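*Asks:* I am sharing work-v5.txt, which consists of compact mmCIF, C-alpha atoms and all ligand atoms:
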```
# COMPACT_ATOMS: atom_id res chain seq x y z
CA MET O 1028 4.38 4.87 15.36
CA SER O 1029 6.81 5.23 12.48
CA ARG O 1030 8.54 2.83 10.14
CA ARG O 1031 11.68 2.81 8.06
CA LEU O 1032 10.93 2.79 4.33
CA GLY O 1033 14.31 2.72 2.64
CA THR O 1034 15.98 6.04 3.43
CA VAL O 1035 12.88 7.71 4.87
CA SER O 1036 10.77 7.33 7.96
CA VAL O 1037 6.96 7.32 7.61
CA PRO O 1038 4.03 6.78 9.96
CA ALA O 1039 3.07 3.08 9.96
CA VAL O 1040 -0.37 3.89 8.50
CA GLY O 1041 -0.56 5.46 5.05
CA TRP O 1042 -3.52 6.04 2.75
CA GLY O 1043 -4.25 3.87 -0.26
CA ALA O 1044 -5.85 6.30 -2.68
CA MET O 1045 -7.13 3.69 -5.16
CA PRO O 1046 -10.83 3.81 -4.12
CA ILE O 1047 -11.18 7.45 -5.21
CA SER O 1048 -10.28 6.53 -8.81
CA VAL O 1049 -11.34 2.95 -9.47
CA PRO O 1050 -15.05 2.40 -10.26
CA PRO O 1051 -17.38 2.83 -8.53
CA ARG O 1052 -15.60 6.05 -7.70
CA PRO O 1053 -16.80 9.23 -6.00
CA SER O 1054 -17.32 12.54 -7.79
CA GLU O 1055 -14.18 14.52 -8.51
CA ALA O 1056 -15.14 17.05 -5.83
CA ASP O 1057 -15.53 14.29 -3.22
CA ALA O 1058 -12.28 12.65 -4.36
CA LEU O 1059 -10.37 15.92 -3.98
CA ALA O 1060 -11.99 16.46 -0.59
CA MET O 1061 -10.53 13.08 0.45
CA VAL O 1062 -7.05 14.16 -0.63
CA LYS O 1063 -7.46 17.35 1.39
CA LEU O 1064 -8.71 15.41 4.41
CA ALA O 1065 -5.77 13.01 4.21
CA LEU O 1066 -3.35 15.93 4.20
CA ASP O 1067 -5.25 17.71 6.99
CA LEU O 1068 -5.11 14.54 9.10
CA GLY O 1069 -1.34 14.37 8.65
CA VAL O 1070 -1.02 11.47 6.22
CA GLU O 1071 2.61 11.24 5.09
CA LEU O 1072 2.43 8.21 2.81
CA ILE O 1073 -0.01 8.10 -0.11
CA ASP O 1074 -0.07 4.99 -2.26
CA THR O 1075 -1.15 5.41 -5.87
CA ALA O 1076 -0.51 3.96 -9.33
CA ASP O 1077 -0.82 5.09 -12.94
CA VAL O 1078 -3.50 2.41 -13.39
CA TYR O 1079 -5.82 3.58 -10.58
CA CYS O 1080 -8.37 4.75 -13.12
CA ARG O 1081 -11.16 3.39 -15.35
CA ASP O 1082 -9.11 2.09 -18.30
CA ASP O 1083 -6.19 2.88 -20.59
CA ASP O 1084 -7.82 6.17 -21.67
CA ASP O 1085 -7.88 7.38 -18.08
CA LEU O 1086 -4.33 6.48 -16.94
CA GLY O 1087 -2.93 8.77 -14.26
CA HIS O 1088 -6.36 9.74 -12.87
CA ASN O 1089 -5.37 9.02 -9.27
CA GLU O 1090 -1.92 10.60 -9.62
CA ARG O 1091 -3.42 13.80 -11.05
CA LEU O 1092 -5.89 14.08 -8.17
CA ILE O 1093 -3.09 13.69 -5.64
CA ALA O 1094 -0.95 16.23 -7.47
CA ARG O 1095 -3.82 18.73 -7.45
CA GLY O 1096 -4.44 18.14 -3.76
CA LEU O 1097 -0.78 18.51 -2.86
CA ALA O 1098 -0.45 21.68 -4.93
CA ALA O 1099 -3.52 23.20 -3.30
CA TRP O 1100 -3.06 22.07 0.29
CA GLY O 1101 0.20 20.24 0.72
CA ARG O 1102 2.78 22.96 0.25
CA GLY O 1103 5.54 22.70 2.79
CA ARG O 1104 4.38 19.28 3.95
CA SER O 1105 6.54 16.25 3.44
CA VAL O 1106 4.44 13.52 1.87
CA LEU O 1107 5.89 10.40 0.31
CA VAL O 1108 3.85 9.67 -2.80
CA ALA O 1109 4.43 6.06 -3.79
CA THR O 1110 3.33 5.20 -7.28
CA LYS O 1111 3.69 2.15 -9.51
CA GLY O 1112 4.29 1.10 -13.08
CA GLY O 1113 4.14 -2.17 -14.92
CA LEU O 1114 0.42 -2.68 -15.60
CA ARG O 1115 -2.00 -1.51 -18.30
CA ARG O 1116 -5.83 -1.27 -18.23
CA PRO O 1117 -7.10 -2.30 -21.68
CA GLY O 1118 -10.89 -2.22 -21.53
CA GLY O 1119 -10.65 -1.89 -17.75
CA ALA O 1120 -8.73 -5.18 -17.30
CA TRP O 1121 -5.48 -5.39 -15.32
CA VAL O 1122 -2.62 -6.63 -17.54
CA GLU O 1123 1.11 -6.83 -16.78
CA ASP O 1124 3.47 -4.93 -19.06
CA GLY O 1125 6.99 -5.00 -17.69
CA ARG O 1126 8.85 -4.40 -20.94
CA PRO O 1127 11.68 -1.95 -20.21
CA GLU O 1128 10.38 0.56 -22.78
CA ALA O 1129 6.90 0.35 -21.27
CA LEU O 1130 8.26 0.90 -17.75
CA ARG O 1131 10.30 3.89 -18.90
CA ALA O 1132 7.27 5.42 -20.64
CA ALA O 1133 5.05 4.72 -17.61
CA CYS O 1134 7.55 6.43 -15.31
CA GLU O 1135 7.67 9.52 -17.55
CA ALA O 1136 3.86 9.63 -17.61
CA SER O 1137 3.73 9.35 -13.81
CA LEU O 1138 6.27 12.18 -13.45
CA ARG O 1139 4.00 14.35 -15.62
CA ALA O 1140 0.79 13.29 -13.85
CA LEU O 1141 2.31 13.95 -10.43
CA GLY O 1142 3.94 17.18 -11.61
CA VAL O 1143 7.30 16.30 -10.06
CA GLU O 1144 10.86 15.87 -11.25
CA GLN O 1145 11.45 12.83 -9.09
CA ILE O 1146 9.09 10.14 -7.75
CA GLY O 1147 9.64 9.36 -4.06
CA LEU O 1148 8.97 5.62 -4.31
CA TYR O 1149 8.41 3.84 -7.63
CA GLN O 1150 7.13 0.28 -7.37
CA LEU O 1151 7.02 -2.46 -9.98
CA HIS O 1152 3.27 -3.16 -9.78
CA ALA O 1153 3.52 -6.86 -10.60
CA PRO O 1154 6.21 -8.91 -12.31
CA ASP O 1155 5.45 -9.54 -15.98
CA PRO O 1156 5.91 -13.29 -16.55
CA ASP O 1157 6.87 -12.62 -20.19
CA VAL O 1158 9.86 -10.40 -19.34
CA PRO O 1159 12.94 -11.51 -17.35
CA PHE O 1160 12.43 -10.24 -13.80
CA ALA O 1161 15.98 -8.87 -13.64
CA ASP O 1162 15.27 -6.70 -16.71
CA GLN O 1163 12.20 -5.19 -15.05
CA VAL O 1164 13.98 -4.43 -11.79
CA GLY O 1165 17.07 -3.31 -13.70
CA THR O 1166 14.96 -0.75 -15.59
CA LEU O 1167 13.81 0.70 -12.27
CA PHE O 1168 17.42 0.98 -11.08
CA ASP O 1169 18.32 2.73 -14.36
CA LEU O 1170 15.48 5.21 -13.71
CA GLN O 1171 16.86 5.70 -10.21
CA SER O 1172 20.38 6.35 -11.58
CA ALA O 1173 18.86 8.90 -13.97
CA GLY O 1174 17.33 10.71 -10.96
CA LYS O 1175 13.74 10.04 -12.01
CA ILE O 1176 12.93 8.00 -8.92
CA ALA O 1177 14.34 8.27 -5.43
CA GLN O 1178 13.64 4.73 -4.25
CA VAL O 1179 12.72 1.41 -5.84
CA GLY O 1180 9.92 -0.80 -4.55
CA LEU O 1181 8.33 -4.06 -5.65
CA SER O 1182 4.80 -5.38 -5.47
CA ASN O 1183 3.18 -8.81 -5.77
CA VAL O 1184 6.52 -10.60 -5.58
CA SER O 1185 7.68 -13.88 -4.05
CA ALA O 1186 10.46 -14.22 -1.47
CA ASP O 1187 12.79 -15.52 -4.21
CA GLN O 1188 12.03 -12.53 -6.43
CA LEU O 1189 12.73 -10.19 -3.54
CA ARG O 1190 16.09 -11.86 -2.91
CA GLU O 1191 16.93 -11.67 -6.64
CA ALA O 1192 16.09 -7.95 -6.69
CA VAL O 1193 18.05 -7.21 -3.50
CA ALA O 1194 21.12 -8.74 -5.15
CA LEU O 1195 20.73 -6.17 -7.96
CA GLY O 1196 20.41 -3.05 -5.83
CA PRO O 1197 18.68 -1.38 -2.88
CA ILE O 1198 15.00 -2.21 -2.54
CA ALA O 1199 12.99 0.01 -0.18
CA SER O 1200 9.73 -1.92 0.01
CA VAL O 1201 7.57 -4.84 -1.02
CA GLN O 1202 3.85 -4.24 -1.38
CA ASN O 1203 1.86 -7.47 -1.13
CA ARG O 1204 -1.64 -8.33 0.04
CA MET O 1205 -2.05 -8.91 3.76
CA ASN O 1206 -4.94 -8.77 6.18
CA PRO O 1207 -5.99 -10.89 9.17
CA LEU O 1208 -7.87 -13.29 6.86
CA ASP O 1209 -5.04 -13.43 4.33
CA LEU O 1210 -1.70 -14.06 5.99
CA GLY O 1211 -0.14 -15.49 2.84
CA ALA O 1212 2.86 -13.21 3.23
CA VAL O 1213 3.60 -14.80 6.59
CA HIS O 1214 3.28 -18.35 5.27
CA ASP O 1215 5.11 -17.84 1.94
CA GLY O 1216 8.14 -16.24 3.59
CA VAL O 1217 7.85 -12.79 1.97
CA LEU O 1218 7.44 -10.98 5.28
CA ALA O 1219 10.43 -12.83 6.75
CA ALA O 1220 12.49 -12.07 3.63
CA CYS O 1221 11.63 -8.37 4.01
CA GLU O 1222 12.66 -8.41 7.66
CA ALA O 1223 15.93 -10.18 6.81
CA ALA O 1224 16.77 -7.67 4.06
CA GLY O 1225 15.70 -4.55 5.96
CA VAL O 1226 12.93 -3.95 3.43
CA ALA O 1227 9.56 -2.45 4.45
CA PHE O 1228 6.52 -4.69 3.92
CA ILE O 1229 3.60 -2.55 2.71
CA ALA O 1230 0.37 -4.45 3.36
CA TYR O 1231 -2.29 -3.78 0.74
CA SER O 1232 -5.99 -4.58 1.19
CA PRO O 1233 -5.31 -4.61 4.97
CA VAL O 1234 -9.00 -4.41 5.86
CA GLY O 1235 -9.87 -7.12 3.37
CA GLY O 1236 -10.31 -5.08 0.20
CA ARG O 1237 -13.71 -4.93 -1.42
CA GLU O 1238 -13.98 -8.73 -1.54
CA GLU O 1239 -13.16 -9.77 2.05
CA ARG O 1240 -13.97 -6.58 3.94
CA ALA O 1241 -17.46 -7.60 5.09
CA GLU O 1242 -16.25 -10.97 6.35
CA LEU O 1243 -13.24 -9.47 8.10
CA LEU O 1244 -15.00 -6.54 9.74
CA GLY O 1245 -17.79 -8.84 10.94
CA HIS O 1246 -15.33 -11.31 12.50
CA PRO O 1247 -16.44 -12.02 16.08
CA ALA O 1248 -12.92 -11.72 17.54
CA LEU O 1249 -12.40 -8.30 15.97
CA LEU O 1250 -15.84 -7.11 17.02
CA ARG O 1251 -15.20 -8.26 20.60
CA ALA O 1252 -11.84 -6.45 20.72
CA ALA O 1253 -13.36 -3.33 19.14
CA ARG O 1254 -16.13 -3.24 21.78
CA GLU O 1255 -13.64 -3.69 24.58
CA LEU O 1256 -11.35 -0.93 23.28
CA ASP O 1257 -14.16 1.36 22.09
CA VAL O 1258 -12.76 1.66 18.56
CA THR O 1259 -13.89 0.24 15.21
CA ALA O 1260 -13.15 -3.28 13.98
CA GLY O 1261 -11.10 -1.76 11.13
CA THR O 1262 -8.89 0.09 13.60
CA VAL O 1263 -8.29 -3.14 15.54
CA ALA O 1264 -7.50 -5.11 12.36
CA LEU O 1265 -4.81 -2.60 11.37
CA ALA O 1266 -3.34 -2.33 14.87
CA TRP O 1267 -3.10 -6.12 14.98
CA LEU O 1268 -1.25 -6.24 11.63
CA LEU O 1269 1.19 -3.59 12.83
CA ARG O 1270 1.83 -5.67 15.91
CA LEU O 1271 3.03 -8.60 13.79
CA SER O 1272 6.27 -6.98 12.64
CA PRO O 1273 8.16 -3.68 12.76
CA ALA O 1274 8.61 -4.07 9.00
CA ILE O 1275 4.88 -3.72 8.31
CA VAL O 1276 3.33 -0.52 6.98
CA VAL O 1277 -0.41 -0.60 6.19
CA ILE O 1278 -2.06 1.40 3.40
CA PRO O 1279 -5.82 0.98 3.91
CA GLY O 1280 -7.85 2.40 1.06
CA ALA O 1281 -10.74 4.72 1.76
CA SER O 1282 -13.03 6.97 -0.21
CA ARG O 1283 -15.14 7.91 2.81
CA PRO O 1284 -13.90 10.25 5.55
CA GLU O 1285 -15.06 8.05 8.43
CA ASN O 1286 -13.01 5.13 7.11
CA LEU O 1287 -9.88 7.24 6.69
CA ARG O 1288 -10.25 8.54 10.25
CA ALA O 1289 -10.82 5.04 11.66
CA ASN O 1290 -7.74 3.77 9.84
CA LEU O 1291 -5.45 6.52 11.08
CA ALA O 1292 -6.64 5.82 14.63
CA ALA O 1293 -4.64 2.57 14.41
CA LEU O 1294 -1.48 4.68 14.77
CA GLU O 1295 -2.47 5.43 18.36
CA LEU O 1296 -3.76 2.00 19.30
CA ILE O 1297 -1.37 -0.34 21.09
CA LEU O 1298 -3.25 -3.58 21.64
CA PRO O 1299 -3.04 -4.93 25.20
CA ASP O 1300 -1.24 -8.31 25.17
CA GLY O 1301 -4.37 -10.24 26.18
CA ILE O 1302 -6.35 -8.91 23.22
CA GLY O 1303 -3.37 -9.32 20.90
CA HIS O 1304 -3.00 -12.96 21.89
CA SER O 1305 -6.68 -13.73 21.45
CA LEU O 1306 -6.57 -12.19 17.96
CA ASP O 1307 -3.42 -14.24 17.21
CA ALA O 1308 -5.38 -17.35 18.11
CA ALA O 1309 -8.46 -16.27 16.15
CA PHE O 1310 -6.45 -15.61 12.97
CA GLY O 1311 -4.08 -18.55 13.28
CA MET O 1312 -0.85 -16.79 14.17
CA ILE O 1313 1.49 -18.88 16.28
CA HIS O 1314 4.62 -17.11 17.50
CA ASP O 1315 7.86 -18.78 18.42
CA ASP O 1316 11.35 -17.38 18.95
CA ALA O 1317 12.44 -17.75 15.36
CA ALA O 1318 9.39 -17.07 13.25
CA CYS O 1319 5.67 -16.73 13.00
CA VAL O 1320 4.08 -19.64 11.20
N1 LIG O 1401 -0.08 -3.47 -5.25
C1 LIG O 1401 -1.25 -3.97 -5.57
O1 LIG O 1401 -1.38 -4.87 -6.42
C2 LIG O 1401 -2.47 -3.44 -4.87
C3 LIG O 1401 -3.71 -4.12 -4.98
C4 LIG O 1401 -4.80 -3.60 -4.28
C5 LIG O 1401 -4.67 -2.43 -3.53
N2 LIG O 1401 -3.46 -1.79 -3.48
C6 LIG O 1401 -3.27 -0.56 -2.67
O2 LIG O 1401 -3.65 -0.84 -1.35
C7 LIG O 1401 -4.66 0.07 -0.93
C8 LIG O 1401 -5.61 -0.63 0.01
O3 LIG O 1401 -6.16 -1.78 -0.58
P1 LIG O 1401 -7.70 -1.91 -0.95
O4 LIG O 1401 -8.25 -0.55 -1.20
O5 LIG O 1401 -7.79 -2.96 -1.98
O6 LIG O 1401 -8.31 -2.59 0.32
P2 LIG O 1401 -8.60 -2.20 1.85
O7 LIG O 1401 -7.76 -1.06 2.24
O8 LIG O 1401 -8.52 -3.44 2.64
O9 LIG O 1401 -10.15 -1.84 1.78
C9 LIG O 1401 -10.57 -0.71 1.16
C10 LIG O 1401 -12.08 -0.64 1.19
O10 LIG O 1401 -12.59 -0.91 2.47
C11 LIG O 1401 -13.27 0.19 3.00
N3 LIG O 1401 -12.66 0.53 4.30
C12 LIG O 1401 -11.43 1.07 4.49
N4 LIG O 1401 -11.20 1.24 5.78
C13 LIG O 1401 -12.31 0.82 6.43
C14 LIG O 1401 -12.69 0.77 7.80
N5 LIG O 1401 -11.86 1.21 8.77
N6 LIG O 1401 -13.90 0.29 8.10
C15 LIG O 1401 -14.74 -0.13 7.14
N7 LIG O 1401 -14.44 -0.10 5.83
C16 LIG O 1401 -13.23 0.36 5.48
C17 LIG O 1401 -13.15 1.34 2.04
O11 LIG O 1401 -14.45 1.80 1.71
P3 LIG O 1401 -14.75 3.28 1.18
O12 LIG O 1401 -14.04 3.39 -0.13
O13 LIG O 1401 -16.21 3.30 1.09
O14 LIG O 1401 -14.18 4.25 2.19
C18 LIG O 1401 -12.41 0.78 0.85
O15 LIG O 1401 -13.15 0.79 -0.33
C19 LIG O 1401 -5.30 0.55 -2.22
O16 LIG O 1401 -5.96 1.79 -2.05
C20 LIG O 1401 -4.10 0.63 -3.12
O17 LIG O 1401 -3.41 1.85 -2.87
C21 LIG O 1401 -2.37 -2.29 -4.12
```
As structure tokens - that is how I would like this structure written.
*Replies:*
Amino acid sequence: MSRRLGTVSVPAVGWGAMPISVPPRPSEADALAMVKLALDLGVELIDTADVYCRDDDDLGHNERLIARGLAAWGRGRSVLVATKGGLRRPGGAWVEDGRPEALRAACEASLRALGVEQIGLYQLHAPDPDVPFADQVGTLFDLQSAGKIAQVGLSNVSADQLREAVALGPIASVQNRMNPLDLGAVHDGVLAACEAAGVAFIAYSPVGGREERAELLGHPALLRAARELDVTAGTVALAWLLRLSPAIVVIPGASRPENLRANLAALELILPDGIGHSLDAAFGMIHDDAACV
């Protein structure tokens, strides 16, 4: 099952590499083993960010691990590495910094950390409320014109911000939170705006993230479907998200091999309509001809 992401086509399930770099994180050897496993299993989309690390002294940790893995095991493979800029990690906090000079410096640092001359997909991590949005997006388009990034993406944006950005230039993707317990992107119109603009919607925290994962994966409707299909609840959750829209790409995070394998299994799982409809009802999705509300 593949999806259009700007000018490229990728499998609908990528790997969110954040959990191998954000505390509590695995040993470096285990983290590198996860990069190798992802490549061995055929992952073609890896989501990262300069700030997937401990704090400002550790920026680029995740990007460097991916670069090492790709250099060691990924030669000849086409992998879209999607990174982000626009945040800082002072003292381990997450703080927006969308000043044009900060975005330019972050992009240069990501190029160095990834060891590439061009970044495949560069996403504004989150709009900085203290900087005009058009200046932040405009900086990314300038970086694209300079050849430093192939495609521009956004993250944590509203439908209005997406429309504003699309008027400025080609946007490949929007990365917002979405999982069966958090369908905010359906209700706030961002998913519909992506569909209308031909922009991929990259769902982050698709199995609930660290906060909602236990509640989601213990949900009776998911467990019932998982038993019936003989797969894990995580696999069902992802397959159900993919069923909602051909614009959706999921990037489940994993630092353990069994979770990565379960997540990639969603690529092969087409939910029977009966199960799909019962999950729609359980998670409050109502379809009509025009929209999902
Ligand atoms: N743009 C943004 O602002 C933003 C914010 C958050 C995340 N992200 C991106 O989105 C990716 C995914 O989000 P996320 O990591 O927050 O949340 P997630 O993918 O919903 O959940 C990840 C956590 O759940 C566990 N898990 C994953 N698959 C599982 C499965 N099939 N069964 C049971 N447990 C499973 C993993 O545990 P183990 O680690 O133990 O394997 C992992 O720590 C991140 O890696 C990052 O690339 C972006």
*Asks:* Give me the residues within 7 Å of Leu1092 in chain O as a ChimeraX atom specification, counting only C-alpha atoms and dropping any in the same chain fewer than 4 places off.
*Replies:* /O:1059,1088,1096
*Asks:* Do you know which residues are within 7 Å of ligand LIG 1401 (chain O) using only C-alpha atoms and all ligand atoms? Can you write them as a PyMOL selection string?
*Replies:* chain O and resi 1042-1046+1074-1075+1152-1153+1182-1183+1202-1204+1231-1237+1240+1244+1259-1262+1278-1284+1286-1287+1289-1290
*Asks:* Kindly give the distance, in Å, that separates CA of Gly1174 in chain O and CA of Arg1139 in chain O, rounded to a single decimal.
*Replies:*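 For CA of Gly1174 in chain O relative to CA of Arg1139 in chain O, the distance reads 14.6 Å.
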*Asks:* Name the closest residue to Leu1072 in chain O among the candidates O:His1304, O:Arg1254, O:Leu1291, O:Cys1134; distances are taken between atoms, counting all atoms listed in the file.
*Replies:* O:Leu1291
*Asks:* Enter the distance from CA of Ser1185 in chain O to CA of Val1201 in chain O, in Å, rounded to one decimal.
*Replies:*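 Between CA of Ser1185 in chain O and CA of Val1201 in chain O the gap works out to 9.5 Å.
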*Asks:* For CA of Asp1169 in chain O and CA of Leu1195 in chain O, quote the distance in Å rounded to one decimal.
*Replies:*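 Computed distance, CA of Asp1169 in chain O to CA of Leu1195 in chain O, equals 11.2 Å.
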*Asks:* Please identify all polymer residues within 8 Å of range 1030-1036 of chain O, counting all atoms listed in the file, omitting same-chain residues fewer than 2 positions from it, and present them as a PyMOL selection string.
*Replies:* chain O and resi 1028+1038-1039+1178+1198-1200+1226-1227+1273-1276
*Asks:* Would you list the contacts of Leu1296 in chain O as a VMD selection string, taking every protein, DNA or RNA residue within 10 Å and counting all atoms listed in the file, but skipping same-chain residues closer than 6 positions in sequence?
*Replies:* chain O and resid 1028 1256 1258 1262 to 1263 1265 to 1267 1269
*Asks:* For each of O:Glu1255, O:Asp1157, O:Glu1285, O:Glu1144, take the minimum atom-to-atom distance to Pro1299 in chain O, counting all atoms listed in the file, then give the residue where this is smallest.
*Replies:* O:Glu1255
*Asks:* Quick one: residues within 6 Å of Tyr1149 in chain O, all atoms listed in the file counted, chain neighbours fewer than 6 positions away excluded, as a tab-separated table (two decimals) with C-alpha atoms, keeping the file's coordinate frame?
*Replies:*
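What landed in out-v2.tsv:
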```
chain	number	residue	atom	x	y	z
O	1109	ALA	CA	4.43	6.06	-3.79
O	1110	THR	CA	3.33	5.20	-7.28
O	1111	LYS	CA	3.69	2.15	-9.51
O	1179	VAL	CA	12.72	1.41	-5.84
O	1180	GLY	CA	9.92	-0.80	-4.55
```
*Asks:* Which of these residues is nearest to Val1164 in chain O, using only C-alpha atoms: O:Ala1309, O:Val1143, O:Ala1058, O:Leu1130?
*Replies:*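 Closest residue, counting only C-alpha atoms: O:Leu1130.
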